[in-house]
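Participant: If it helps, the file is called upload_31.pdb and holds PDB, C-alpha atoms:
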ATOM      1  CA  MET A 975     102.767  81.216  89.434
ATOM      2  CA  ILE A 976     102.243  77.906  91.187
ATOM      3  CA  ALA A 977     100.007  75.593  89.165
ATOM      4  CA  ASN A 978      97.877  74.365  92.047
ATOM      5  CA  GLU A 979      97.506  77.740  93.750
ATOM      6  CA  PRO A 980      93.817  78.232  94.587
ATOM      7  CA  LEU A 981      92.119  81.004  92.654
ATOM      8  CA  ALA A 982      95.054  82.164  90.571
ATOM      9  CA  ARG A 983      95.701  85.841  91.103
ATOM     10  CA  ALA A 984      95.933  88.415  88.347
ATOM     11  CA  THR A 985      99.636  88.731  87.684
ATOM     12  CA  ALA A 986      99.733  91.474  85.073
ATOM     13  CA  HIS A 987     101.156  94.712  86.351
ATOM     14  CA  LEU A 988      98.872  97.730  86.192
ATOM     15  CA  HIS A 989     100.351 100.942  84.894
ATOM     16  CA  THR A 990      99.824 104.113  86.892
ATOM     17  CA  TRP A 991      97.359 105.491  84.345
ATOM     18  CA  GLU A 992      95.332 102.261  84.510
ATOM     19  CA  ARG A 993      95.100 102.515  88.286
ATOM     20  CA  ALA A 994      94.035 106.150  87.904
ATOM     21  CA  VAL A 995      91.291 105.178  85.440
ATOM     22  CA  ILE A 996      90.023 102.453  87.772
ATOM     23  CA  TRP A 997      89.805 104.872  90.711
ATOM     24  CA  LEU A 998      88.199 107.534  88.507
ATOM     25  CA  VAL A 999      85.523 105.046  87.434
ATOM     26  CA  LEU A1000      84.864 104.216  91.095
ATOM     27  CA  ALA A1001      84.683 107.912  92.023
ATOM     28  CA  LEU A1002      82.231 108.686  89.210
ATOM     29  CA  ALA A1003      80.078 105.635  90.008
ATOM     30  CA  THR A1004      79.992 106.632  93.674
ATOM     31  CA  LEU A1005      79.074 110.174  92.752
ATOM     32  CA  GLY A1006      76.384 108.864  90.409
ATOM     33  CA  LEU A1007      74.895 106.599  93.048
ATOM     34  CA  PHE A1008      75.009 108.889  96.051
ATOM     35  CA  GLY A1009      75.017 112.330  94.433
ATOM     36  CA  PHE A1010      72.321 112.179  91.774
ATOM     37  CA  PRO A1011      69.645 113.906  93.902
ATOM     38  CA  TYR A1012      71.949 116.875  94.401
ATOM     39  CA  ALA A1013      72.778 116.951  90.686
ATOM     40  CA  ALA A1014      69.041 117.124  90.016
ATOM     41  CA  GLY A1015      68.734 120.052  92.413
ATOM     42  CA  THR A1016      66.964 118.186  95.201
ATOM     43  CA  THR A1017      67.778 116.168  98.320
ATOM     44  CA  TRP A1018      67.684 112.531  99.321
ATOM     45  CA  ALA A1019      64.708 113.200 101.590
ATOM     46  CA  LEU A1020      62.653 114.449  98.643
ATOM     47  CA  VAL A1021      63.799 111.615  96.362
ATOM     48  CA  LEU A1022      62.830 109.001  98.945
ATOM     49  CA  GLU A1023      59.478 110.712  99.556
ATOM     50  CA  LEU A1024      58.755 110.826  95.805
ATOM     51  CA  THR A1025      59.663 107.146  95.572
ATOM     52  CA  ARG A1026      57.443 106.297  98.543
ATOM     53  CA  VAL A1027      54.386 107.980  96.999
ATOM     54  CA  GLY A1028      55.074 106.469  93.565
ATOM     55  CA  ALA A1029      55.999 109.651  91.695
ATOM     56  CA  LEU A1030      59.513 108.338  91.097
ATOM     57  CA  PRO A1031      59.821 104.634  90.230
ATOM     58  CA  ALA A1032      62.096 102.545  92.414
ATOM     59  CA  THR A1033      63.502 100.984  89.235
ATOM     60  CA  GLY A1034      65.363 104.264  88.713
ATOM     61  CA  PHE A1035      67.805 103.161  91.399
ATOM     62  CA  ILE A1036      68.841 100.037  89.488
ATOM     63  CA  PRO A1037      71.174 101.586  86.830
ATOM     64  CA  PRO A1038      73.351 103.528  89.304
ATOM     65  CA  ILE A1039      73.552 100.485  91.596
ATOM     66  CA  VAL A1040      74.636  98.283  88.664
ATOM     67  CA  LEU A1041      77.361 100.770  87.690
ATOM     68  CA  PHE A1042      78.538 101.090  91.292
ATOM     69  CA  VAL A1043      78.800  97.299  91.674
ATOM     70  CA  GLY A1044      80.742  97.125  88.404
ATOM     71  CA  ALA A1045      83.111  99.857  89.559
ATOM     72  CA  MET A1046      83.669  98.101  92.889
ATOM     73  CA  LEU A1047      84.411  94.842  91.083
ATOM     74  CA  LEU A1048      86.814  96.669  88.768
ATOM     75  CA  THR A1049      88.604  98.085  91.804
ATOM     76  CA  LEU A1050      88.937  94.518  93.078
ATOM     77  CA  ARG A1051      90.216  93.555  89.597
ATOM     78  CA  ARG A1052      87.459  91.055  88.886
ATOM     79  CA  ARG A1053      86.735  90.002  85.320
ATOM     80  CA  VAL A1054      82.967  90.142  85.908
ATOM     81  CA  ALA A1055      83.249  93.941  86.277
ATOM     82  CA  LEU A1056      83.279  94.144  82.475
ATOM     83  CA  TRP A1057      79.789  92.642  82.306
ATOM     84  CA  TRP A1058      78.336  94.752  85.112
ATOM     85  CA  ILE A1059      79.554  97.963  83.475
ATOM     86  CA  ALA A1060      78.505  96.792  80.006
ATOM     87  CA  VAL A1061      74.990  95.947  81.229
ATOM     88  CA  HIS A1062      74.647  99.419  82.726
ATOM     89  CA  ILE A1063      74.777 101.136  79.314
ATOM     90  CA  PRO A1064      71.622  99.618  77.720
ATOM     91  CA  LEU A1065      69.918  99.514  81.116
ATOM     92  CA  ALA A1066      70.422 103.252  81.695
ATOM     93  CA  ILE A1067      69.557 104.226  78.120
ATOM     94  CA  GLY A1068      66.460 102.020  78.247
ATOM     95  CA  TYR A1069      65.335 103.511  81.550
ATOM     96  CA  LEU A1070      65.756 107.092  80.322
ATOM     97  CA  ALA A1071      64.087 106.293  76.995
ATOM     98  CA  VAL A1072      61.062 104.731  78.682
ATOM     99  CA  ARG A1073      60.811 107.420  81.340
ATOM    100  CA  TYR A1074      61.441 110.540  79.226
ATOM    101  CA  GLY A1075      61.714 109.447  75.602
ATOM    102  CA  LEU A1076      64.841 108.845  73.564
ATOM    103  CA  GLY A1077      64.835 112.406  72.235
ATOM    104  CA  ALA A1078      65.076 113.791  75.763
ATOM    105  CA  ILE A1079      68.521 112.252  76.321
ATOM    106  CA  SER A1080      70.945 115.146  75.964
ATOM    107  CA  PRO A1081      74.222 115.039  74.029
ATOM    108  CA  LEU A1082      76.036 115.192  77.375
ATOM    109  CA  TRP A1083      74.369 111.928  78.441
ATOM    110  CA  TRP A1084      75.311 110.331  75.080
ATOM    111  CA  LEU A1085      78.905 111.464  75.620
ATOM    112  CA  GLY A1086      78.809 109.812  79.040
ATOM    113  CA  TYR A1087      77.566 106.558  77.538
ATOM    114  CA  ALA A1088      80.303 106.728  74.883
ATOM    115  CA  CYS A1089      82.889 107.183  77.644
ATOM    116  CA  GLU A1090      81.353 104.256  79.482
ATOM    117  CA  ALA A1091      81.700 102.135  76.332
ATOM    118  CA  TRP A1092      85.379 103.091  76.417
ATOM    119  CA  ILE A1093      85.510 101.842  80.017
ATOM    120  CA  VAL A1094      84.054  98.508  78.861
ATOM    121  CA  TRP A1095      86.803  98.312  76.230
ATOM    122  CA  PHE A1096      89.348  99.192  78.936
ATOM    123  CA  CYS A1097      88.045  96.320  81.117
ATOM    124  CA  TRP A1098      88.149  93.951  78.160
ATOM    125  CA  ARG A1099      91.749  94.983  77.463
ATOM    126  CA  LEU A1100      92.732  94.403  81.105
ATOM    127  CA  ALA A1101      91.002  91.015  81.119
ATOM    128  CA  LYS A1102      92.670  90.002  77.854
ATOM    129  CA  ARG A1103      96.146  90.636  79.197
ATOM    130  CA  GLY A1104      95.437  88.914  82.516
ATOM    131  CA  ALA A1105      95.124  91.940  84.784
ATOM    132  CA  LEU A1106      91.640  90.879  85.929
ATOM    133  CA  ARG A1107      90.862  87.593  87.606
TER     134      ARG A1107
END
Give the structure from the file, written as structure tokens.
Facilitator:
Amino acid sequence: MIANEPLARATAHLHTWERAVIWLVLALATLGLFGFPYAAGTTWALVLELTRVGALPATGFIPPIVLFVGAMLLTLRRRVALWWIAVHIPLAIGYLAVRYGLGAISPLWWLGYACEAWIVWFCWRLAKRGALR
């Protein structure tokens, strides 16, 4: 690498499985952001109407947006993706705990947060070996 090259590029080679994980994270974040009304058995029209009348807080949109931004940054191989994804975990748990109570978070959600913690470790590992810039 040239020493005075502006904004040094990530030079570490990504393995095929690492690329697959990155695209899987993006797919799941996209599904989480744009598909959550359907997963809840409703439609976007109803979600937006409930938000407009105040039955659903607009702050509920923040955790999926944070995860989506982190996934996009990971796809672009940016080091800051680690922090965006890491911030999503306590943000999402905090939102669900305040909204429904900590006991209402199902084991499936906890498994998802554990997998997301693994994704944070994955990002840290990529950053450590120079695969993220």
Participant: Could you give me, as a PDB file with C-alpha atoms, in the coordinates of the input, the residues that sit within 10 Å of (84.0, 105.5, 90.8) in the file's coordinates, counting only C-alpha atoms?
Facilitator:
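point-v7.pdb was written with the following content:
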ATOM      1  CA  VAL A 995      91.291 105.178  85.440  1.00  0.00           C
ATOM      2  CA  ILE A 996      90.023 102.453  87.772  1.00  0.00           C
ATOM      3  CA  TRP A 997      89.805 104.872  90.711  1.00  0.00           C
ATOM      4  CA  LEU A 998      88.199 107.534  88.507  1.00  0.00           C
ATOM      5  CA  VAL A 999      85.523 105.046  87.434  1.00  0.00           C
ATOM      6  CA  LEU A1000      84.864 104.216  91.095  1.00  0.00           C
ATOM      7  CA  ALA A1001      84.683 107.912  92.023  1.00  0.00           C
ATOM      8  CA  LEU A1002      82.231 108.686  89.210  1.00  0.00           C
ATOM      9  CA  ALA A1003      80.078 105.635  90.008  1.00  0.00           C
ATOM     10  CA  THR A1004      79.992 106.632  93.674  1.00  0.00           C
ATOM     11  CA  LEU A1005      79.074 110.174  92.752  1.00  0.00           C
ATOM     12  CA  GLY A1006      76.384 108.864  90.409  1.00  0.00           C
ATOM     13  CA  LEU A1007      74.895 106.599  93.048  1.00  0.00           C
ATOM     14  CA  LEU A1041      77.361 100.770  87.690  1.00  0.00           C
ATOM     15  CA  PHE A1042      78.538 101.090  91.292  1.00  0.00           C
ATOM     16  CA  VAL A1043      78.800  97.299  91.674  1.00  0.00           C
ATOM     17  CA  GLY A1044      80.742  97.125  88.404  1.00  0.00           C
ATOM     18  CA  ALA A1045      83.111  99.857  89.559  1.00  0.00           C
ATOM     19  CA  MET A1046      83.669  98.101  92.889  1.00  0.00           C
ATOM     20  CA  LEU A1048      86.814  96.669  88.768  1.00  0.00           C
ATOM     21  CA  THR A1049      88.604  98.085  91.804  1.00  0.00           C
TER      22      THR A1049
END
Participant: Would you work out the distance separating atom CA of Arg1052 of chain A from atom CA of Ile1067 of chain A, expressed in Å to one decimal?
Facilitator: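 It comes out at 24.7 Å.
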Participant: Counting all atoms listed in the file, which residue out of A:Trp1095, A:Phe1008, A:Trp991, A:Trp1084 sits closest to Ala1060 of chain A?
Facilitator: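 Counting all atoms listed in the file, the residue closest to Ala1060 of chain A is A:Trp1095.
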Participant: Between atom CA of Val1027 of chain A and atom CA of Ala1078 of chain A, what distance in Å does the model show, to one decimal?
Facilitator: 24.5 Å
Participant: Can you tell me how far atom CA of Arg1051 of chain A sits from atom CA of Leu1106 of chain A, in Å to one decimal?
Facilitator: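 Interatomic distance, atom CA of Arg1051 of chain A to atom CA of Leu1106 of chain A: 4.8 Å.
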Participant: Counting all atoms listed in the file, which residues in segment 1044-1086 of chain A sit no more than 10 Å from segment 1032-1035 of chain A? For each one, give the nearest pair of atoms and the distance in Å, sorted by chain then residue number, as a Markdown table.
Facilitator:
| residue | atom | partner | partner_atom | distance |
| --- | --- | --- | --- | --- |
| A:Ala1066 | CA | A:Gly1034 | CA | 8.7 |
| A:Tyr1069 | CA | A:Gly1034 | CA | 7.2 |
| A:Leu1070 | CA | A:Gly1034 | CA | 8.9 |
| A:Arg1073 | CA | A:Gly1034 | CA | 9.2 |
Participant: Pick the closest to Ile1059 of chain A from A:Leu1085, A:Leu1100, A:Leu1047, A:Leu1024: which is it, counting all atoms listed in the file?
Facilitator: A:Leu1047
